[in-house]
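Below: final_36.csv (CSV, C-alpha atoms)
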chain,number,residue,atom,x,y,z
M,824,MET,CA,0.0,0.0,0.0
M,825,ASN,CA,1.3,3.5,-0.9
M,826,ASN,CA,2.4,6.0,1.7
M,827,ILE,CA,0.4,9.1,2.3
M,828,SER,CA,1.3,12.7,3.4
M,829,VAL,CA,-0.5,15.0,5.8
M,830,TYR,CA,-1.0,18.8,5.8
M,831,VAL,CA,-2.2,20.6,8.9
M,832,HIS,CA,-3.4,24.2,8.6
M,833,THR,CA,-3.0,26.9,11.2
M,834,PRO,CA,-5.1,30.0,10.2
M,835,PHE,CA,-3.8,32.4,12.8
M,836,CYS,CA,-1.2,35.3,12.3
M,837,LYS,CA,-0.1,38.2,14.4
M,838,HIS,CA,-0.5,40.4,11.3
M,839,LYS,CA,-1.7,39.6,7.8
M,840,CYS,CA,0.8,40.4,5.1
M,841,TYR,CA,-0.4,42.8,2.4
M,842,TYR,CA,0.1,40.2,-0.4
M,843,CYS,CA,-1.5,37.2,1.4
M,844,ASP,CA,-4.7,35.6,0.2
M,845,PHE,CA,-4.5,32.4,2.2
M,846,ALA,CA,-7.1,31.4,4.8
M,847,SER,CA,-5.5,33.2,7.7
M,848,PHE,CA,-6.7,35.7,10.3
M,849,SER,CA,-5.1,38.2,12.6
M,850,ASN,CA,-6.7,39.3,15.9
M,851,ASN,CA,-8.7,36.1,16.2
M,852,GLU,CA,-7.0,34.7,19.3
M,853,ASP,CA,-10.4,33.9,20.9
M,854,PHE,CA,-10.9,31.2,18.3
M,855,ILE,CA,-7.5,29.4,18.9
M,856,ASN,CA,-8.5,27.0,21.6
M,857,GLU,CA,-11.8,26.0,20.0
M,858,TYR,CA,-10.1,25.7,16.6
M,859,TYR,CA,-7.5,23.2,17.8
M,860,LYS,CA,-10.2,21.2,19.6
M,861,ALA,CA,-12.1,20.9,16.4
M,862,LEU,CA,-8.9,20.1,14.5
M,863,LYS,CA,-8.3,17.1,16.8
M,864,LYS,CA,-11.8,15.9,16.2
M,865,GLU,CA,-11.4,16.2,12.4
M,866,ILE,CA,-8.3,14.1,12.5
M,867,ILE,CA,-10.1,11.4,14.4
M,868,LEU,CA,-13.2,11.5,12.3
M,869,ARG,CA,-11.1,11.1,9.1
M,870,LYS,CA,-8.9,8.3,10.4
M,871,ASN,CA,-10.3,5.9,7.9
M,872,GLU,CA,-9.0,8.0,5.0
M,873,ILE,CA,-5.4,7.2,6.0
M,874,ASN,CA,-6.4,3.5,6.0
M,875,SER,CA,-3.4,2.1,7.8
M,876,ARG,CA,-1.0,3.7,5.4
M,877,ASP,CA,2.4,4.9,6.6
M,878,ILE,CA,2.7,8.7,6.7
M,879,SER,CA,5.8,9.8,4.8
M,880,THR,CA,5.7,13.6,5.3
M,881,VAL,CA,3.8,16.0,7.6
M,882,TYR,CA,3.6,19.7,6.9
M,883,PHE,CA,2.2,22.4,9.3
M,884,GLY,CA,1.4,25.5,7.2
M,885,GLY,CA,-0.6,28.6,7.6
M,886,GLY,CA,-1.1,31.3,8.5
M,887,THR,CA,1.7,31.2,11.0
M,888,PRO,CA,2.0,27.9,13.0
M,889,SER,CA,4.8,29.4,15.1
M,890,TYR,CA,2.4,32.2,16.2
M,891,VAL,CA,0.2,30.1,18.4
M,892,ASP,CA,1.4,28.5,21.7
M,893,SER,CA,3.5,25.5,20.9
M,894,LYS,CA,1.3,23.3,23.1
M,895,TYR,CA,-1.4,23.4,20.3
M,896,ILE,CA,1.1,22.3,17.7
M,897,THR,CA,2.6,19.5,19.9
M,898,ASP,CA,-0.9,18.3,20.8
M,899,ILE,CA,-1.7,17.8,17.2
M,900,MET,CA,1.5,16.0,16.6
M,901,ASP,CA,0.7,13.7,19.5
M,902,ILE,CA,-2.7,12.9,18.0
M,903,LEU,CA,-1.0,12.1,14.6
M,904,LYS,CA,1.6,9.9,16.3
M,905,SER,CA,-0.9,8.1,18.4
M,906,GLU,CA,-3.5,7.4,15.7
M,907,PHE,CA,-1.2,6.8,12.7
M,908,ASN,CA,2.1,5.3,11.8
M,909,ILE,CA,4.5,8.1,10.9
M,910,LYS,CA,7.6,6.7,9.3
M,911,LYS,CA,10.8,6.9,11.3
M,912,GLU,CA,12.5,8.9,8.5
M,913,ALA,CA,9.4,11.1,7.8
M,914,GLU,CA,10.1,14.7,6.9
M,915,ILE,CA,8.1,16.8,9.4
M,916,THR,CA,8.0,20.5,8.6
M,917,ILE,CA,6.6,23.6,10.4
M,918,GLU,CA,6.4,27.1,8.9
M,919,ALA,CA,7.7,29.9,11.1
M,920,ASN,CA,7.9,33.6,11.0
M,921,PRO,CA,10.8,35.4,12.6
M,922,GLU,CA,8.8,37.5,15.0
M,923,SER,CA,7.1,34.5,16.7
M,924,VAL,CA,10.1,32.1,17.0
M,925,THR,CA,11.3,31.5,20.6
M,926,GLU,CA,13.8,29.1,22.1
M,927,GLU,CA,11.1,27.4,24.1
M,928,LYS,CA,8.9,26.8,21.0
M,929,LEU,CA,11.7,25.4,19.0
M,930,GLU,CA,12.7,23.0,21.8
M,931,ASN,CA,9.1,21.8,22.0
M,932,TYR,CA,8.9,21.4,18.2
M,933,LYS,CA,12.1,19.3,18.3
M,934,ILE,CA,10.7,17.1,21.1
M,935,ALA,CA,7.5,16.6,19.1
M,936,GLY,CA,9.4,15.3,16.1
M,937,PHE,CA,9.7,18.2,13.8
M,938,ASN,CA,12.9,18.0,11.7
M,939,ARG,CA,12.5,20.8,9.2
M,940,ILE,CA,11.6,24.5,9.4
M,941,SER,CA,10.4,26.8,6.7
M,942,MET,CA,11.0,30.4,7.6
M,943,GLY,CA,9.6,33.4,5.8
M,944,LEU,CA,12.2,36.2,5.1
M,945,GLN,CA,10.9,37.6,1.8
M,946,SER,CA,13.5,40.4,1.7
M,947,ALA,CA,16.6,41.5,3.6
M,948,ASN,CA,15.6,45.1,3.0
M,949,ASN,CA,13.7,46.6,6.0
M,950,ASN,CA,11.9,49.2,3.9
M,951,THR,CA,10.7,46.6,1.5
M,952,LEU,CA,9.5,44.4,4.4
M,953,LYS,CA,7.4,47.3,5.7
M,954,GLU,CA,5.9,47.9,2.3
M,955,ILE,CA,4.6,44.3,2.0
M,956,GLY,CA,3.3,44.2,5.6
M,957,ARG,CA,5.9,42.0,7.2
M,958,ILE,CA,6.3,42.9,10.9
M,959,HIS,CA,9.9,41.6,11.4
M,960,THR,CA,13.2,43.2,10.5
M,961,PHE,CA,16.1,41.5,8.8
M,962,GLU,CA,18.0,41.7,12.0
M,963,LYS,CA,15.1,39.9,13.8
M,964,PHE,CA,15.2,37.2,11.1
M,965,LEU,CA,18.9,36.7,11.6
M,966,SER,CA,18.5,36.2,15.4
M,967,SER,CA,15.5,33.8,14.8
M,968,TYR,CA,17.5,31.8,12.2
M,969,GLU,CA,20.3,31.5,14.7
M,970,LEU,CA,17.9,30.2,17.3
M,971,CYS,CA,16.7,27.5,14.9
M,972,LYS,CA,20.3,26.4,14.2
M,973,ASN,CA,21.1,26.4,17.9
M,974,ALA,CA,18.0,24.3,18.6
M,975,GLY,CA,19.3,21.6,16.3
M,976,PHE,CA,17.4,22.3,13.1
M,977,ASP,CA,19.8,21.6,10.3
M,978,ASN,CA,17.2,21.4,7.6
M,979,ILE,CA,15.9,25.0,7.1
M,980,ASN,CA,14.2,26.5,4.1
M,981,ILE,CA,14.2,30.3,3.6
M,982,ASP,CA,11.4,32.0,1.6
M,983,LEU,CA,12.5,34.9,-0.6
M,984,MET,CA,10.3,37.0,-2.8
M,985,PHE,CA,11.2,39.2,-5.8
M,986,SER,CA,9.5,42.0,-7.8
M,987,LEU,CA,8.4,43.5,-4.6
M,988,PRO,CA,7.2,47.2,-4.3
M,989,ASN,CA,10.0,49.6,-5.3
M,990,GLU,CA,12.5,46.8,-5.3
M,991,THR,CA,15.5,47.3,-7.6
M,992,LEU,CA,17.7,44.5,-9.0
M,993,LYS,CA,20.4,45.5,-6.6
M,994,ASP,CA,18.0,45.2,-3.7
M,995,PHE,CA,17.1,41.7,-4.7
M,996,ILE,CA,20.7,40.7,-5.3
M,997,ASP,CA,21.6,42.0,-1.9
M,998,SER,CA,18.8,39.9,-0.3
M,999,LEU,CA,19.8,36.8,-2.2
M,1000,GLU,CA,23.5,37.2,-1.2
M,1001,GLU,CA,22.5,37.6,2.4
M,1002,VAL,CA,20.5,34.4,2.3
M,1003,ILE,CA,23.4,32.5,0.5
M,1004,MET,CA,25.8,33.6,3.3
M,1005,LEU,CA,23.6,31.8,5.8
M,1006,ASN,CA,24.0,28.5,3.9
M,1007,PRO,CA,20.4,27.2,4.4
M,1008,THR,CA,19.7,23.7,3.0
M,1009,HIS,CA,16.8,25.0,1.0
M,1010,ILE,CA,15.7,28.2,-0.7
M,1011,SER,CA,12.3,29.0,-2.2
M,1012,THR,CA,12.0,32.1,-4.4
M,1013,TYR,CA,8.7,33.5,-5.5
M,1014,SER,CA,7.7,36.3,-7.8
M,1015,LEU,CA,5.1,38.7,-6.3
M,1016,ILE,CA,1.6,37.7,-7.4
M,1017,LEU,CA,-1.1,40.3,-6.9
M,1018,GLU,CA,-4.1,38.4,-5.7
M,1019,LYS,CA,-7.5,40.1,-5.7
M,1020,GLY,CA,-8.8,41.2,-2.3
M,1021,THR,CA,-5.3,41.7,-0.8
M,1022,LYS,CA,-4.2,45.1,0.4
M,1023,LEU,CA,-1.3,45.1,-2.0
M,1024,TYR,CA,-3.5,44.3,-5.0
M,1025,ASN,CA,-5.9,47.2,-4.1
M,1026,ASN,CA,-2.9,49.6,-3.7
M,1027,TYR,CA,-1.5,48.7,-7.1
M,1028,LYS,CA,-4.8,49.1,-8.8
M,1029,LYS,CA,-5.6,52.4,-7.0
M,1030,ASN,CA,-2.2,53.9,-8.0
M,1031,ASN,CA,-2.0,52.2,-11.5
M,1032,ILE,CA,1.3,50.5,-10.5
M,1033,ILE,CA,2.4,47.8,-13.1
M,1034,ILE,CA,4.9,45.1,-12.3
M,1035,ASP,CA,7.9,45.3,-14.6
M,1036,ASP,CA,7.9,41.9,-16.3
M,1037,ASP,CA,11.4,42.3,-17.7
M,1038,LEU,CA,12.9,43.2,-14.3
M,1039,ASP,CA,10.9,40.2,-12.8
M,1040,ARG,CA,12.5,37.8,-15.3
M,1041,THR,CA,15.9,39.3,-14.8
M,1042,MET,CA,15.7,38.8,-11.1
M,1043,TYR,CA,14.5,35.2,-11.6
M,1044,HIS,CA,17.3,34.2,-13.9
M,1045,TYR,CA,19.9,35.9,-11.8
M,1046,CYS,CA,18.7,33.8,-8.9
M,1047,ILE,CA,18.9,30.6,-10.9
M,1048,ASN,CA,22.4,31.3,-12.1
M,1049,LYS,CA,23.7,32.6,-8.8
M,1050,LEU,CA,22.3,29.7,-6.7
M,1051,SER,CA,23.8,27.3,-9.1
M,1052,GLU,CA,27.3,28.7,-8.4
M,1053,TYR,CA,26.8,27.8,-4.7
M,1054,ASP,CA,25.7,24.2,-5.5
M,1055,TYR,CA,22.0,24.8,-5.0
M,1056,GLU,CA,20.1,22.5,-7.5
M,1057,GLN,CA,17.0,24.0,-8.9
M,1058,TYR,CA,14.6,21.0,-8.8
M,1059,GLU,CA,11.3,22.9,-9.3
M,1060,ILE,CA,10.4,26.2,-10.8
M,1061,SER,CA,10.6,28.1,-7.5
M,1062,ASN,CA,12.7,25.8,-5.3
M,1063,PHE,CA,16.4,25.2,-4.8
M,1064,ALA,CA,18.1,22.7,-2.5
M,1065,GLN,CA,21.5,21.5,-1.5
M,1066,LYS,CA,22.0,17.9,-2.4
M,1067,GLY,CA,19.5,15.6,-0.6
M,1068,TYR,CA,17.5,18.4,0.9
M,1069,GLU,CA,14.6,18.7,-1.6
M,1070,SER,CA,11.2,19.1,0.1
M,1071,LYS,CA,9.8,15.6,0.2
M,1072,HIS,CA,6.4,16.9,1.0
M,1073,ASN,CA,6.2,19.2,-2.0
M,1074,MET,CA,7.7,16.5,-4.2
M,1075,SER,CA,4.9,14.1,-3.2
M,1076,CYS,CA,2.3,16.7,-4.2
M,1077,TRP,CA,4.0,17.4,-7.6
M,1078,ASP,CA,4.1,13.6,-8.2
M,1079,LEU,CA,0.4,13.5,-7.6
M,1080,GLU,CA,0.7,11.3,-4.6
M,1081,ASP,CA,-2.0,11.0,-2.0
M,1082,TYR,CA,-2.2,13.5,0.9
M,1083,ILE,CA,-4.8,14.6,3.5
M,1084,GLY,CA,-5.4,18.2,4.4
M,1085,PHE,CA,-6.7,19.0,7.9
M,1086,GLY,CA,-8.0,22.4,9.0
M,1087,ILE,CA,-9.9,25.2,7.5
M,1088,ASN,CA,-9.6,25.6,3.7
M,1089,ALA,CA,-7.2,22.7,3.7
M,1090,SER,CA,-7.2,20.6,0.5
M,1091,GLY,CA,-6.2,17.0,-0.1
M,1092,PHE,CA,-5.9,14.5,-2.9
M,1093,ASN,CA,-6.6,10.9,-2.0
M,1094,GLU,CA,-7.8,7.9,-4.1
M,1095,ASN,CA,-8.3,10.2,-7.1
M,1096,THR,CA,-10.5,12.5,-5.2
M,1097,ARG,CA,-9.9,16.1,-4.3
M,1098,LYS,CA,-11.4,17.5,-1.1
M,1099,THR,CA,-11.4,21.1,0.3
M,1100,ASN,CA,-12.6,22.1,3.7
M,1101,LYS,CA,-14.7,25.1,4.5
M,1102,SER,CA,-12.9,28.4,4.9
M,1103,ASN,CA,-15.2,29.9,7.5
M,1104,ILE,CA,-13.7,29.2,10.9
M,1105,LYS,CA,-17.0,29.4,12.7
M,1106,GLU,CA,-18.6,27.0,10.3
M,1107,TYR,CA,-15.6,24.7,10.5
M,1108,ILE,CA,-15.8,24.6,14.3
M,1109,ASN,CA,-19.6,24.3,14.4
M,1110,ASP,CA,-19.6,21.3,12.0
M,1111,LEU,CA,-17.0,19.4,14.0
M,1112,ASN,CA,-18.8,20.2,17.3
M,1113,ASN,CA,-21.7,18.4,15.7
M,1114,ASN,CA,-19.6,15.5,14.4
M,1115,ILE,CA,-20.0,16.7,10.8
M,1116,LEU,CA,-17.0,16.7,8.5
M,1117,PRO,CA,-16.5,20.3,7.3
M,1118,ILE,CA,-16.1,19.5,3.6
M,1119,ASN,CA,-16.8,22.3,1.2
M,1120,GLU,CA,-16.0,20.6,-2.1
M,1121,GLU,CA,-15.4,16.9,-3.0
M,1122,ASN,CA,-14.6,15.9,-6.6
M,1123,LYS,CA,-13.8,12.5,-8.1
M,1124,LEU,CA,-11.4,13.2,-10.9
M,1125,SER,CA,-11.8,11.5,-14.3
M,1126,LYS,CA,-8.8,9.8,-16.0
M,1127,GLU,CA,-8.5,12.8,-18.3
M,1128,GLU,CA,-8.5,15.2,-15.3
M,1129,LEU,CA,-5.9,13.1,-13.5
M,1130,LEU,CA,-3.7,13.0,-16.6
M,1131,GLY,CA,-4.0,16.8,-17.0
M,1132,ASP,CA,-3.1,17.4,-13.4
M,1133,TYR,CA,-0.2,14.9,-13.5
M,1134,ILE,CA,1.3,16.7,-16.5
M,1135,MET,CA,0.8,20.2,-15.1
M,1136,LEU,CA,2.4,19.3,-11.8
M,1137,GLY,CA,5.1,17.2,-13.4
M,1138,LEU,CA,6.2,20.1,-15.6
M,1139,ARG,CA,6.9,22.2,-12.4
M,1140,LYS,CA,9.8,19.8,-11.7
M,1141,ILE,CA,13.0,20.7,-13.5
M,1142,LYS,CA,13.6,17.0,-14.4
M,1143,GLY,CA,10.1,17.0,-15.9
M,1144,ILE,CA,7.9,14.0,-16.5
M,1145,ASP,CA,9.2,10.5,-16.7
M,1146,ILE,CA,7.7,9.3,-20.0
M,1147,GLU,CA,8.0,5.6,-19.0
M,1148,LYS,CA,6.3,6.2,-15.7
M,1149,ILE,CA,3.4,8.3,-17.1
M,1150,ASN,CA,2.8,5.6,-19.8
M,1151,LYS,CA,2.6,2.9,-17.2
M,1152,LYS,CA,0.5,4.9,-14.8
M,1153,PHE,CA,-2.2,5.9,-17.3
M,1154,ASN,CA,-1.8,3.1,-19.8
M,1155,ILE,CA,-1.0,5.5,-22.7
M,1156,ASN,CA,1.7,6.4,-25.2
M,1157,PHE,CA,2.4,9.9,-24.1
M,1158,THR,CA,4.6,11.0,-27.0
M,1159,ASP,CA,2.1,9.6,-29.5
M,1160,ILE,CA,-1.0,11.2,-27.9
M,1161,TYR,CA,0.5,14.6,-27.6
M,1162,ASN,CA,2.9,14.5,-30.6
M,1163,ASP,CA,1.5,17.6,-32.3
M,1164,LYS,CA,1.6,19.7,-29.1
M,1165,ILE,CA,5.0,18.5,-28.2
M,1166,GLU,CA,6.4,19.3,-31.6
M,1167,LYS,CA,4.8,22.7,-31.6
M,1168,LEU,CA,6.3,23.5,-28.2
M,1169,LYS,CA,9.7,22.2,-29.3
M,1170,ARG,CA,9.7,24.6,-32.3
M,1171,GLN,CA,9.0,27.4,-29.9
M,1172,GLY,CA,12.0,26.3,-27.8
M,1173,LEU,CA,9.8,25.8,-24.7
M,1174,VAL,CA,10.1,22.0,-24.1
M,1175,MET,CA,12.5,19.2,-24.8
M,1176,ILE,CA,12.8,15.4,-24.3
M,1177,GLU,CA,16.0,14.4,-22.5
M,1178,ASN,CA,16.8,11.1,-20.9
M,1179,ASN,CA,13.2,10.0,-21.6
M,1180,HIS,CA,11.9,12.9,-19.6
M,1181,PHE,CA,9.5,15.6,-21.0
M,1182,LYS,CA,10.6,18.9,-19.5
M,1183,LEU,CA,10.7,22.6,-19.8
M,1184,THR,CA,13.7,24.3,-21.3
M,1185,TYR,CA,15.5,27.2,-19.7
M,1186,LYS,CA,13.4,29.5,-21.9
M,1187,GLY,CA,10.3,27.4,-21.1
M,1188,LEU,CA,10.6,28.3,-17.3
M,1189,ASP,CA,9.3,31.8,-18.2
M,1190,PHE,CA,6.4,30.3,-20.1
M,1191,ALA,CA,5.4,27.4,-17.9
M,1192,ASN,CA,1.8,28.4,-17.7
M,1193,THR,CA,1.6,28.6,-21.5
M,1194,VAL,CA,3.0,25.1,-21.8
M,1195,MET,CA,0.8,23.7,-19.1
M,1196,VAL,CA,-2.4,25.0,-20.6
M,1197,GLU,CA,-1.7,22.9,-23.7
M,1198,PHE,CA,-2.3,19.7,-21.7
M,1199,ILE,CA,-5.3,20.7,-19.5

Encoded form using structure tokens:
Amino acid sequence: MNNISVYVHTPFCKHKCYYCDFASFSNNEDFINEYYKALKKEIILRKNEINSRDISTVYFGGGTPSYVDSKYITDIMDILKSEFNIKKEAEITIEANPESVTEEKLENYKIAGFNRISMGLQSANNNTLKEIGRIHTFEKFLSSYELCKNAGFDNINIDLMFSLPNETLKDFIDSLEEVIMLNPTHISTYSLILEKGTKLYNNYKKNNIIIDDDLDRTMYHYCINKLSEYDYEQYEISNFAQKGYESKHNMSCWDLEDYIGFGINASGFNENTRKTNKSNIKEYINDLNNNILPINEENKLSKEELLGDYIMLGLRKIKGIDIEKINKKFNINFTDIYNDKIEKLKRQGLVMIENNHFKLTYKGLDFANTVMVEFI
């Protein structure tokens, strides 16, 4: 029986970043205790979905999991460990923000079994951090990163964004070099995406600010080339890792493997079915208080939909799609079925077949969405 992964959502933050459209809330401390009670109940009620499978990765995301008292996090880990078989070598990640990391919390995470931390920096420029609504300084990040290292966390990811408000190429280069000097095992880099309903989106629209696409791509390709110089392998469009430190949790998702999502607005994919929980925290808690699963959407995917998702997610990986594996999984001949599309994209210089893998070219990284749409 195949392994399965688990995602646990914490919707609470001290302050909501101006670019964030995730299911997260600030100034909702009154709900924390009731939320985690409901979360425990959801895990128990959905025990049959794990179905005796080993858990290969666990990921606590948000929101800001490190914002809440660590007892809530460790209690959930205790439930997972008591109810399921978490593999001894499982990757267990918690997201953290610099302003909420403490020595005590890190010690408790370590005892609970966490072995990987993903920390949001976004920029080393304090003015830029203010403009995007981050409430930490670069100096606070450095001290928090040091706390993580001292607590015994050797596997740390740092999140870095680019194309931020008023950010110059030099600003981004300076931020990237500061991160490289810390020698983290993993670096995630993301271009700013303006999501409707966010404070930053409204500000850009109000002031007719347009993102400079050329500068955005210059920053991205500078990042790719610079990280390569320091032996960071780009293994996915936005992710770079030292050898052996690729995110196992994310890789399982990009390989379209099964995972369960617990918590508000959490999504999962299991036995060819996608489920998404309700995003309203009051409804989520009320449903579980009444022993009702808080499912908002549930869709069984057809073979065509599964194939489309498999291709779309597989193309995010730098190695691309293993043609032999996709043929076996879906009982198809991939290169025959999609020959016309593949040849067209090859002529445009966006894709290639190498070592029996269908993948994006270096140029294709800038047009990933264009390529993916061809197969959906």

Item to check | All residues 7 Å or closer to Thr1021 of chain M, all atoms listed in the file, same chain fewer than 4 positions away omitted, as a PyMOL selection string | outcome: chain M and resi 841-844+1025

Checklist entry - For the atom pair atom CA of Leu1038 of chain M and atom CA of Ile1144 of chain M, what is the interatomic distance in Å to one decimal place? => result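 Computed distance, atom CA of Leu1038 of chain M to atom CA of Ile1144 of chain M, equals 29.7 Å.
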
Next on the checklist: Applying 12 Å and only C-alpha atoms, which residues near Ala1191 of chain M remain after dropping the ones on its own chain fewer than 6 positions away? List them as a list in words.
Outcome noted: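 Counting only C-alpha atoms, the residues come to Glu1059, Ile1060, Ser1061, Ile1134, Met1135, Leu1136, Gly1137, Leu1138, Arg1139, Lys1140, Ile1141, Gly1143, Leu1168, Gly1172, Leu1173, Val1174, Lys1182, Leu1183, Thr1184, Tyr1185, Glu1197 and Phe1198 of chain M.
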
Item to check | Point-to-point distance in Å for atom CA of Ile909 of chain M and atom CA of Asn1122 of chain M | outcome: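 Here the two named atoms are 27.1 Å from each other.
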
Checklist entry - Expressed in Å to a single decimal, how great is the separation between atom CA of Leu944 of chain M and atom CA of His1072 of chain M? => result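 For atom CA of Leu944 of chain M relative to atom CA of His1072 of chain M, the distance reads 20.6 Å.
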
Selection near Thr887 of chain M, 10 Å with all atoms listed in the file, sequence-local residues under 4 positions removed, as a PDB file with C-alpha atoms, in the frame of the given file:
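Once written, selection31.pdb looks like this:
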ATOM      1  CA  HIS M 832      -3.400  24.200   8.600  1.00  0.00           C
ATOM      2  CA  THR M 833      -3.000  26.900  11.200  1.00  0.00           C
ATOM      3  CA  PRO M 834      -5.100  30.000  10.200  1.00  0.00           C
ATOM      4  CA  PHE M 835      -3.800  32.400  12.800  1.00  0.00           C
ATOM      5  CA  CYS M 836      -1.200  35.300  12.300  1.00  0.00           C
ATOM      6  CA  LYS M 837      -0.100  38.200  14.400  1.00  0.00           C
ATOM      7  CA  HIS M 838      -0.500  40.400  11.300  1.00  0.00           C
ATOM      8  CA  LYS M 839      -1.700  39.600   7.800  1.00  0.00           C
ATOM      9  CA  SER M 847      -5.500  33.200   7.700  1.00  0.00           C
ATOM     10  CA  PHE M 848      -6.700  35.700  10.300  1.00  0.00           C
ATOM     11  CA  SER M 849      -5.100  38.200  12.600  1.00  0.00           C
ATOM     12  CA  PHE M 883       2.200  22.400   9.300  1.00  0.00           C
ATOM     13  CA  VAL M 891       0.200  30.100  18.400  1.00  0.00           C
ATOM     14  CA  ILE M 917       6.600  23.600  10.400  1.00  0.00           C
ATOM     15  CA  GLU M 918       6.400  27.100   8.900  1.00  0.00           C
ATOM     16  CA  ALA M 919       7.700  29.900  11.100  1.00  0.00           C
ATOM     17  CA  ASN M 920       7.900  33.600  11.000  1.00  0.00           C
ATOM     18  CA  SER M 923       7.100  34.500  16.700  1.00  0.00           C
ATOM     19  CA  MET M 942      11.000  30.400   7.600  1.00  0.00           C
ATOM     20  CA  GLY M 943       9.600  33.400   5.800  1.00  0.00           C
TER      21      GLY M 943
END

Checklist entry - Pick the closest to Leu862 of chain M from M:Asp1110, M:Asp1035, M:Asp1054, M:Glu927: which is it, counting only C-alpha atoms? => result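 Ranking M:Asp1110, M:Asp1035, M:Asp1054, M:Glu927 by distance to Leu862 of chain M, first place goes to M:Asp1110.
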
Please report, as CSV, each residue of segment 828-928 of chain M lying at most 8 Å from segment 1092-1108 of chain M, together with the nearest pair of atoms and the separation in Å rounded to one decimal; use only C-alpha atoms, and order rows by chain and ascending residue number.
residue,atom,partner,partner_atom,distance
M:Ala846,CA,M:Ser1102,CA,6.5
M:Glu857,CA,M:Ile1108,CA,7.1
M:Tyr858,CA,M:Ile1108,CA,6.2
M:Ala861,CA,M:Ile1108,CA,5.6
M:Glu872,CA,M:Asn1093,CA,7.9

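Of the residues under consideration (M:Tyr859, M:Tyr1055, M:Phe976, M:Tyr1161), M:Tyr859 shows the shortest atom-to-atom contact distance to Pro888 of chain M when counting all atoms listed in the file.
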
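Closest to Asn908 of chain M among M:Lys1028, M:Lys1022, M:Lys933, M:Lys870 is M:Lys870, based on only C-alpha atoms.
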
Please work out which residues fall within 12 Å of (26.0, 31.6, -6.9), coordinates as given in the file, with only C-alpha atoms counting, and return them as a tab-separated table (two decimals) with C-alpha atoms, in the frame of the given file.
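For reference, part_34.tsv as written:
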chain	number	residue	atom	x	y	z
M	996	ILE	CA	20.70	40.70	-5.30
M	999	LEU	CA	19.80	36.80	-2.20
M	1000	GLU	CA	23.50	37.20	-1.20
M	1001	GLU	CA	22.50	37.60	2.40
M	1002	VAL	CA	20.50	34.40	2.30
M	1003	ILE	CA	23.40	32.50	0.50
M	1004	MET	CA	25.80	33.60	3.30
M	1006	ASN	CA	24.00	28.50	3.90
M	1044	HIS	CA	17.30	34.20	-13.90
M	1045	TYR	CA	19.90	35.90	-11.80
M	1046	CYS	CA	18.70	33.80	-8.90
M	1047	ILE	CA	18.90	30.60	-10.90
M	1048	ASN	CA	22.40	31.30	-12.10
M	1049	LYS	CA	23.70	32.60	-8.80
M	1050	LEU	CA	22.30	29.70	-6.70
M	1051	SER	CA	23.80	27.30	-9.10
M	1052	GLU	CA	27.30	28.70	-8.40
M	1053	TYR	CA	26.80	27.80	-4.70
M	1054	ASP	CA	25.70	24.20	-5.50
M	1055	TYR	CA	22.00	24.80	-5.00
M	1056	GLU	CA	20.10	22.50	-7.50
M	1057	GLN	CA	17.00	24.00	-8.90
M	1063	PHE	CA	16.40	25.20	-4.80

Next on the checklist: Could you check which residues have any atom within 8 Å of (-7.9, 17.7, 4.8), counting all atoms listed in the file with coordinates taken straight from the file, and then list them as JSON, numbers by chain?
Outcome noted: {"M": [829, 830, 831, 1083, 1084, 1085, 1086, 1089, 1090, 1091, 1098, 1099, 1100]}
